[in-house]
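Notes follow once the structure below has been shown.
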Amino acid sequence: MDRNAIILVCVGAYMLLCMVIGLWALRSTKSTHDFFMAGRNLGVIVTGVAMFSSTMSGFGFVGGPGLIYRMGMSSFWMIITAPIGFCLAYYLLAKRVRLLGELYQCISLPDVAAARYGSTGVRFLVAVAILAGVIPYLATQIKAMALVLQEIFAANGIWGHESLLVCVLVSSAVLVFYCVTGGIIASVYTDLFQGIVMVVVAALVFVAALGKVDGGLAEMSRVIAADNAEAASPWGTIGMVGCLSWFLIFSVGLSGQPHLVTKLMMSRRVADARSSLPITLIGFSMTALLWISIGLAMRTLVLSGHHDDLARADDAAFTFLNHYAHPVLAGLAFAGLFAAVMSTADGFLNIGAAAIVHDIPKAVTGRSLHRELVWARVATVLLAIFAAGCAMVSPDLVGILGAYGWGVFSAALAPAIAIGLNWKRATPTAAAASIIVSLLINGVAFGLQLTDRRIPYGVSPGTVALLASLLTFLGISLVSREPRIRRDVAAVMDI
C-alpha cells in the first residue's frame, strides 16, 4: 500500500469510528438534558481530556505551525498562556457552574447567566453572543477539514477533489451525523478518543521533527536567528505589545469560551475538577509539541535549502507530514488533525443549537419549545449548513472569522460569567452593557479587518474589546446600587 493510500485509510477509519460513536450515544440520548449536558455524568478523565481537545482545534494543529513558520516565537505566548487560562477557568468557574447547573437544572451557559443575574435580558444577550462567535468559529473548523480532505482526495485521485464544496459536504456530513445522533454525549466521547489520538500523534511528530534537523532545537534556533534575529527572540516578529495582547486574550479570555465552560457543568461530582485540571494541562502541553516542532522544523528546512519556500504558512503541517513523516505516522497525524478540528466543531454545534432552540425562545417567550429534542437536532443541521456556507465565502475570510470568534467569546462572556460568578457586586445592567459593548467593538474590528486595516503594534482586536468590556462591567457595577442576590446563588458564590 502506497503512502497516500495509508493516509486515506487512517482518515477514513477515524471518520467511521466517529459515526459508530454517534450511533452508540443515540441510545443514551433521550432528552434535551442528555443532548446538551450528557446527563451531568462525565468522569474525571473524560472531562479533563474533552477540555484540552476542544481547545487544541484546527487552529492549533494547522494554524499553530503556520504561525511559528511566519512569525517565529510570537505564538509561543499563546502556548504559554493557555495553561494559565485553564487554571483560571477551573478555579473561577468549575465548582460554581456545576452547582448552579444542578440547582436550576441548567442545560446551557445562558441558563447559568439567568440563574446568577435573575435576568431574561442577560440570558438573551449571552445566547446572541454565543451565536455571534459560533458561526465564524465553526466555519473556520469546517474549512480546515475541507482543505486537508481536498489534499488527501487529490493525492489519491478520488472524484470530487477539484471541488472544495464536495470536501466541505463530506467532512460536514460526518460531523453532523454524530452530533445529531448522539448530541453532547457523542461529542465528549469522541473528544476522549480524539484527545488520546492527538497526544500520541503530537509526541511522535515532535520526535520525527527533531530527527529531520541535525542538532535538534538548538540548530533550528540558530538557523532561524541567522535569517531573522527578531523571529528567534522571545517576542518574535509581532513584537512585545502584540504578544502581551495575546497573553491577555488567551489567559482571561479562555474563561469566556462557552464550549469549554459548559463541559465543566457536565462532571459527575463537584470535586472532580481538582483531578481533571492536571489531565487538561498535561494533555494541552503534549499536543502543543506538534505546534512547536513542525513550525520550527519547516522554517529551518526552508531556510537551509532542503525545501522550497511554502506558498502559504498554513501549509507547514501538511507539507511536513506529507514529505518528512513515515506514512503510518502521517496517516495517524492527519487523523489527529481531523480529531482536533472535530473535537472543537462538535462543541460549537451543541452550544449553538442550545442557543437557538432553548435559550432565545426561553428569553423571549418565557418557556421552552415543544419537542425541544427534535428541534435541537434540526437546529444542529441548519447551523452546520449555514456555517459551511460561510466557510465557502473565501479562503482569506475564514482566518479572520476564527480570530473574530475567539474575541467575541472572550470579550462578551469572560467579564459577565467569570467575574460575575465570583463578585456579588456585579449587576445585570453591567453584564448586559458589557456584552453589548464587546459585540459592537468586535463588529467594527471585523469590518476593519475585511478592509485590511490593522490595529497598530499587532494588538489583537479581541483584546481591545475585552478591555472595553471589562471597564464597562466593572464601572457600571461599582456606580450602581448593590444588587439583591438569591440566597442559594449567594451560597454557591461563597464556596
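Ordering of the C-alpha cells sets the chain letters (A, B, ...); residue numbers start at 1 within each chain; ligands are numbered from 1 in the order shown.
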
Just want the 8 Å neighbourhood of segment 419-433 of chain A, counted on only C-alpha atoms, with same-chain residues fewer than 5 positions away dropped. Output as a ChimeraX atom specification. /A:92-93,96,116-119,121-122,125,414,472-478,480,482-483,485,490,493

List the neighbours of segment 365-373 of chain A out to 7 Å using only C-alpha atoms; skip same-chain residues closer than 4 positions along the sequence, and give me the result as an MDAnalysis selection string.
chainID A and resid 31:32 357:358 361 377

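Here atom CA of Thr463 of chain A and atom CA of Thr287 of chain A stand 25.1 Å from one another.
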
Check your understanding: Which neighbours of segment 41-54 of chain A fall inside 8 Å, counting only C-alpha atoms, when residues of the same chain fewer than 4 positions from it are skipped, and could you give them as number ranges by chain?
Key -> A: 188-189, 191-192, 194-196, 198, 259-260, 263-264, 266-268, 272-273, 275-281, 283-284, 340, 343-344, 347

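Distance-wise, atom CA of Gly256 of chain A and atom CA of Ala129 of chain A end up 10.6 Å apart.
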
Quick one, how far is atom CA of Val166 of chain A from atom CA of Ile152 of chain A?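 Atom-to-atom, atom CA of Val166 of chain A to atom CA of Ile152 of chain A, that is 12.8 Å.
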
* Nearest residue to Met15 of chain A from the set A:Val174, A:Val464, A:Leu67, A:Ile107 (distances using only C-alpha atoms) ->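 Between A:Val174, A:Val464, A:Leu67, A:Ile107, the residue approaching Met15 of chain A most closely is A:Val174.
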